[in-house]
>>> print(open('model-v3.cif').read())   # mmCIF, C-alpha atoms
data_target
loop_
_atom_site.label_atom_id
_atom_site.label_comp_id
_atom_site.auth_asym_id
_atom_site.auth_seq_id
_atom_site.Cartn_x
_atom_site.Cartn_y
_atom_site.Cartn_z
CA MET E 1 13.19 -1.24 -1.02
CA ALA E 2 13.29 -2.62 2.48
CA ILE E 3 10.11 -4.12 3.81
CA ALA E 4 9.33 -1.14 5.99
CA ALA E 5 11.73 1.46 4.62
CA ALA E 6 10.65 4.98 5.43
CA PRO E 7 12.65 7.30 3.19
CA SER E 8 13.02 10.78 4.61
CA GLY E 9 10.34 13.18 3.46
CA LYS E 10 8.34 10.63 1.49
CA ARG E 11 4.55 10.75 1.61
CA ILE E 12 3.30 7.27 2.48
CA LEU E 13 -0.23 5.88 2.26
CA GLU E 14 -0.94 2.58 3.96
CA ILE E 15 -4.10 0.81 2.83
CA GLY E 16 -5.55 -1.79 5.18
CA PRO E 17 -3.25 -1.19 8.14
CA GLY E 18 -5.18 -3.57 10.41
CA THR E 19 -3.72 -3.32 13.92
CA GLY E 20 -0.75 -1.27 12.75
CA ALA E 21 2.19 -3.70 12.55
CA ILE E 22 3.54 -2.12 9.37
CA THR E 23 2.78 1.40 10.62
CA LYS E 24 4.78 0.66 13.77
CA ALA E 25 7.70 -0.63 11.68
CA LEU E 26 7.60 2.46 9.44
CA LEU E 27 7.75 4.75 12.46
CA ALA E 28 10.58 2.67 13.96
CA GLU E 29 12.50 3.01 10.67
CA GLY E 30 12.29 6.79 10.84
CA ALA E 31 9.02 7.84 9.23
CA THR E 32 7.45 10.77 11.00
CA PRO E 33 3.74 10.77 11.83
CA ASP E 34 3.09 13.60 9.37
CA GLN E 35 4.51 11.50 6.50
CA LEU E 36 1.94 8.77 7.04
CA CYS E 37 -1.69 8.44 6.07
CA LEU E 38 -3.65 5.29 6.89
CA LEU E 39 -6.84 4.15 5.17
CA GLU E 40 -8.82 1.60 7.19
CA ARG E 41 -12.33 0.35 6.39
CA ASP E 42 -13.21 -0.96 9.85
CA THR E 43 -14.46 1.84 12.12
CA LYS E 44 -13.23 0.18 15.34
CA LEU E 45 -9.75 -0.31 13.88
CA THR E 46 -9.76 3.31 12.71
CA ILE E 47 -10.41 4.48 16.27
CA TYR E 48 -7.78 2.07 17.62
CA LEU E 49 -5.15 3.27 15.11
CA THR E 50 -5.91 6.92 15.84
CA GLU E 51 -5.28 6.31 19.54
CA LYS E 52 -2.25 4.05 18.99
CA PHE E 53 -0.47 6.43 16.58
CA PRO E 54 -0.98 10.05 17.70
CA GLY E 55 -0.22 12.49 14.91
CA VAL E 56 -0.72 9.95 12.13
CA ARG E 57 -3.60 10.79 9.81
CA VAL E 58 -6.08 7.89 9.93
CA ILE E 59 -9.03 7.86 7.55
CA ASN E 60 -12.04 5.57 7.80
CA GLY E 61 -12.93 4.54 4.27
CA ASP E 62 -13.08 1.87 1.62
CA ALA E 63 -10.16 1.20 -0.74
CA ARG E 64 -12.59 1.24 -3.67
CA SER E 65 -13.02 4.98 -2.98
CA ILE E 66 -9.40 5.93 -2.28
CA ALA E 67 -9.30 8.92 -4.61
CA ASP E 68 -12.46 10.34 -3.02
CA VAL E 69 -11.37 10.06 0.61
CA VAL E 70 -7.59 10.35 0.60
CA GLN E 71 -5.39 13.14 -0.70
CA PRO E 72 -1.81 13.86 0.33
CA LYS E 73 -1.60 16.85 2.65
CA SER E 74 0.57 18.81 0.23
CA GLY E 75 -1.93 18.31 -2.60
CA SER E 76 0.56 16.33 -4.66
CA CYS E 77 0.77 12.57 -5.01
CA PHE E 78 1.95 9.91 -2.57
CA ASP E 79 5.49 8.62 -3.03
CA ILE E 80 4.73 5.16 -1.65
CA VAL E 81 1.49 3.23 -1.27
CA ILE E 82 1.70 0.19 0.99
CA SER E 83 -1.15 -2.27 0.71
CA SER E 84 -2.05 -5.32 2.72
CA LEU E 85 -5.32 -5.80 0.85
CA PRO E 86 -6.07 -9.42 -0.12
CA LEU E 87 -5.99 -8.67 -3.86
CA LEU E 88 -5.86 -12.36 -4.83
CA ASN E 89 -9.21 -12.91 -3.10
CA MET E 90 -11.00 -9.96 -4.65
CA ARG E 91 -13.30 -9.77 -7.62
CA GLU E 92 -11.52 -8.55 -10.75
CA ALA E 93 -13.74 -5.45 -10.97
CA ASP E 94 -12.82 -4.44 -7.40
CA LYS E 95 -9.11 -4.97 -8.08
CA ILE E 96 -9.30 -2.79 -11.17
CA THR E 97 -11.18 -0.05 -9.30
CA ILE E 98 -8.68 -0.07 -6.43
CA LEU E 99 -5.57 -0.22 -8.61
CA ASP E 100 -6.85 2.50 -10.92
CA GLN E 101 -7.26 4.79 -7.93
CA VAL E 102 -3.96 3.79 -6.33
CA PHE E 103 -2.03 4.62 -9.49
CA SER E 104 -3.96 7.90 -9.86
CA ILE E 105 -2.73 9.15 -6.45
CA LEU E 106 0.76 7.63 -6.72
CA ASP E 107 3.59 9.83 -7.97
CA PRO E 108 4.86 8.64 -11.40
CA GLN E 109 8.23 8.04 -9.68
CA GLY E 110 6.54 6.25 -6.78
CA ALA E 111 5.95 2.61 -5.89
CA LEU E 112 3.11 0.40 -4.75
CA VAL E 113 4.32 -2.10 -2.14
CA GLN E 114 1.90 -5.02 -1.87
CA TYR E 115 1.97 -7.70 0.82
CA THR E 116 0.51 -11.10 -0.02
CA TYR E 117 0.35 -14.56 1.55
CA SER E 118 0.80 -16.48 -1.68
CA ALA E 119 3.73 -17.44 -3.87
CA LYS E 120 1.65 -16.06 -6.73
CA ALA E 121 2.02 -12.42 -7.80
CA PRO E 122 -0.82 -10.38 -6.26
CA ILE E 123 -1.35 -8.41 -9.47
CA SER E 124 -1.77 -10.42 -12.66
CA PRO E 125 0.30 -9.72 -15.79
CA SER E 126 -2.82 -8.47 -17.59
CA LEU E 127 -3.33 -5.85 -14.88
CA THR E 128 0.32 -4.82 -14.74
CA ASN E 129 0.10 -4.30 -18.51
CA ARG E 130 -3.14 -2.37 -18.13
CA PHE E 131 -1.56 0.05 -15.64
CA GLY E 132 1.85 0.16 -17.33
CA VAL E 133 3.74 -1.09 -14.31
CA LYS E 134 6.27 -3.80 -13.63
CA GLY E 135 6.26 -5.94 -10.50
CA GLU E 136 8.95 -7.81 -8.65
CA ARG E 137 9.04 -9.75 -5.42
CA THR E 138 11.37 -7.85 -3.12
CA ALA E 139 11.19 -9.96 0.04
CA MET E 140 9.85 -13.07 1.71
CA ILE E 141 8.94 -12.94 5.37
CA PHE E 142 9.27 -16.46 6.72
CA ARG E 143 8.71 -15.46 10.37
CA ASN E 144 5.13 -14.69 9.44
CA LEU E 145 2.57 -17.53 9.44
CA PRO E 146 1.72 -18.03 6.70
CA PRO E 147 4.89 -16.63 5.09
CA ALA E 148 4.33 -13.32 3.36
CA SER E 149 5.70 -12.04 0.07
CA VAL E 150 6.42 -8.38 -0.53
CA TRP E 151 5.96 -7.11 -4.08
CA LYS E 152 6.96 -3.76 -5.50
CA TYR E 153 5.11 -2.27 -8.48
CA CYS E 154 6.26 0.82 -10.33
CA HIS E 155 6.66 2.17 -13.83
CA PRO E 156 9.41 0.34 -15.74
CA ARG E 157 11.66 3.41 -15.96
CA MET E 158 12.05 3.23 -12.17
CA TYR E 159 13.83 -0.12 -12.53
CA GLU E 160 16.40 1.43 -14.88
CA VAL E 161 17.72 3.82 -12.23
#
>>> encode(input="model-v3.cif", output="structure tokens")
Amino acid sequence: MAIAAAPSGKRILEIGPGTGAITKALLAEGATPDQLCLLERDTKLTIYLTEKFPGVRVINGDARSIADVVQPKSGSCFDIVISSLPLLNMREADKITILDQVFSILDPQGALVQYTYSAKAPISPSLTNRFGVKGERTAMIFRNLPPASVWKYCHPRMYEV
């Protein structure tokens, strides 16, 4: 999966979009505004994103409550969840809460794409086992300071295709 690939027709949730750099890249790669849903905790950033990306659904809410505040428009699951949350800096209980909800709204054929600023995997082996997913680093972004790693997490059968 490319860093900002936007497969046609895929429902994409971006968690922690910040100022919208990834959102902008997704739109540039061909995602349509109606494919995207953004979840941002900061109210000011939510307003900014709503103005910056007309037609994109922007929700003000906390990632620990994803399943309560975000549902795909069609009522089915998201195909891709993109997260820039600092998982490595979070308490274990918060990580478990967030990941449990992410995987509950992610299509079984879907993928979680996680950005991190560490060489270390953002989701520990014990948590990948807990959620029945496999992770792999798919890219390094050296132009970013600090360099970023992109990890893809999905159910093992997706790697067999």
>>> resolve_selection(input="model-v3.cif", expression="the PyMOL selection byres ((chain E and resi 128) around 12)", output="tab-separated table (two decimals) with C-alpha atoms, in the coordinates of the input")
chain	number	residue	atom	x	y	z
E	95	LYS	CA	-9.11	-4.97	-8.08
E	96	ILE	CA	-9.30	-2.79	-11.17
E	99	LEU	CA	-5.57	-0.22	-8.61
E	100	ASP	CA	-6.85	2.50	-10.92
E	103	PHE	CA	-2.03	4.62	-9.49
E	112	LEU	CA	3.11	0.40	-4.75
E	121	ALA	CA	2.02	-12.42	-7.80
E	122	PRO	CA	-0.82	-10.38	-6.26
E	123	ILE	CA	-1.35	-8.41	-9.47
E	124	SER	CA	-1.77	-10.42	-12.66
E	125	PRO	CA	0.30	-9.72	-15.79
E	126	SER	CA	-2.82	-8.47	-17.59
E	127	LEU	CA	-3.33	-5.85	-14.88
E	129	ASN	CA	0.10	-4.30	-18.51
E	130	ARG	CA	-3.14	-2.37	-18.13
E	131	PHE	CA	-1.56	0.05	-15.64
E	132	GLY	CA	1.85	0.16	-17.33
E	133	VAL	CA	3.74	-1.09	-14.31
E	134	LYS	CA	6.27	-3.80	-13.63
E	135	GLY	CA	6.26	-5.94	-10.50
E	136	GLU	CA	8.95	-7.81	-8.65
E	152	LYS	CA	6.96	-3.76	-5.50
E	153	TYR	CA	5.11	-2.27	-8.48
E	154	CYS	CA	6.26	0.82	-10.33
E	155	HIS	CA	6.66	2.17	-13.83
E	156	PRO	CA	9.41	0.34	-15.74
>>> closest_residue(input="model-v3.cif", among="E:Phe53, E:Gly16, E:Phe78, E:Ala148", to="Ala28 of chain E", atoms="only C-alpha atoms")
E:Phe53
>>> resolve_selection(input="model-v3.cif", expression="the PyMOL selection byres ((chain E and resi 81) around 6)", output="PyMOL selection string")
chain E and resi 12-14+80+82+112
>>> resolve_selection(input="model-v3.cif", expression="the PyMOL selection byres ((chain E and resi 109) around 8)", output="ChimeraX atom specification")
/E:79,107-108,110-111,154-155,158
>>> atom_distance(input="model-v3.cif", atom1="atom CA of Ser118 of chain E", atom2="atom CA of Ala21 of chain E")
19.2 Å
>>> residues_around(input="model-v3.cif", residues="segment 144-147 of chain E", least_positions_apart="2", cutoff="9 Å", atoms="all atoms listed in the file", output="list in words")
Thr116, Tyr117, Ser118, Met140, Ile141, Phe142 and Ser149 of chain E
>>> closest_residue(input="model-v3.cif", among="E:Gly20, E:Gly9, E:Pro33, E:Pro86", to="Val56 of chain E", atoms="all atoms listed in the file")
E:Pro33
>>> residues_near_point(input="model-v3.cif", point="(-5.8, 1.7, 10.6)", cutoff="9 Å", atoms="all atoms listed in the file", output="PyMOL selection string")
chain E and resi 14-20+23+38-50+58-60
>>> closest_residue(input="model-v3.cif", among="E:Thr32, E:Ala67, E:Arg143, E:Val113", to="Ser84 of chain E", atoms="only C-alpha atoms")
E:Val113
>>> atom_distance(input="model-v3.cif", atom1="atom CA of Arg64 of chain E", atom2="atom CA of Lys24 of chain E")
24.6 Å
>>> atom_distance(input="model-v3.cif", atom1="atom CA of Leu85 of chain E", atom2="atom CA of Tyr115 of chain E")
7.5 Å
>>> decode(input="model-v3.cif", residues="segment 79-92 of chain E", atoms="N, CA and C atoms", output="short mmCIF file (atom, residue, chain, number, x, y, z; two decimals), in the first residue's frame")
data_model
loop_
_atom_site.label_atom_id
_atom_site.label_comp_id
_atom_site.auth_asym_id
_atom_site.auth_seq_id
_atom_site.Cartn_x
_atom_site.Cartn_y
_atom_site.Cartn_z
N ASP E 79 -12.86 0.58 5.02
CA ASP E 79 -11.90 -0.27 4.33
C ASP E 79 -10.48 0.00 4.80
N ILE E 80 -10.22 1.26 5.14
CA ILE E 80 -8.89 1.67 5.58
C ILE E 80 -9.04 2.64 6.74
N VAL E 81 -8.26 2.42 7.78
CA VAL E 81 -8.16 3.38 8.88
C VAL E 81 -6.72 3.85 8.89
N ILE E 82 -6.53 5.15 8.80
CA ILE E 82 -5.20 5.75 8.83
C ILE E 82 -5.06 6.50 10.14
N SER E 83 -4.02 6.18 10.89
CA SER E 83 -3.84 6.77 12.21
C SER E 83 -2.46 7.41 12.34
N SER E 84 -2.49 8.61 12.86
CA SER E 84 -1.25 9.30 13.21
C SER E 84 -1.16 9.46 14.73
N LEU E 85 -1.94 8.69 15.45
CA LEU E 85 -1.92 8.77 16.91
C LEU E 85 -0.58 8.30 17.45
N PRO E 86 -0.08 8.93 18.49
CA PRO E 86 1.22 8.54 19.08
C PRO E 86 1.06 7.30 19.98
N LEU E 87 0.77 6.16 19.38
CA LEU E 87 0.49 4.95 20.15
C LEU E 87 1.62 4.59 21.12
N LEU E 88 2.86 4.80 20.71
CA LEU E 88 3.99 4.43 21.57
C LEU E 88 4.05 5.26 22.85
N ASN E 89 3.40 6.41 22.86
CA ASN E 89 3.41 7.28 24.03
C ASN E 89 2.15 7.15 24.89
N MET E 90 1.28 6.27 24.51
CA MET E 90 0.00 6.13 25.23
C MET E 90 0.06 5.04 26.30
N ARG E 91 -0.82 5.21 27.26
CA ARG E 91 -0.99 4.16 28.27
C ARG E 91 -1.54 2.91 27.59
N GLU E 92 -1.15 1.76 28.08
CA GLU E 92 -1.58 0.48 27.49
C GLU E 92 -3.10 0.38 27.43
#
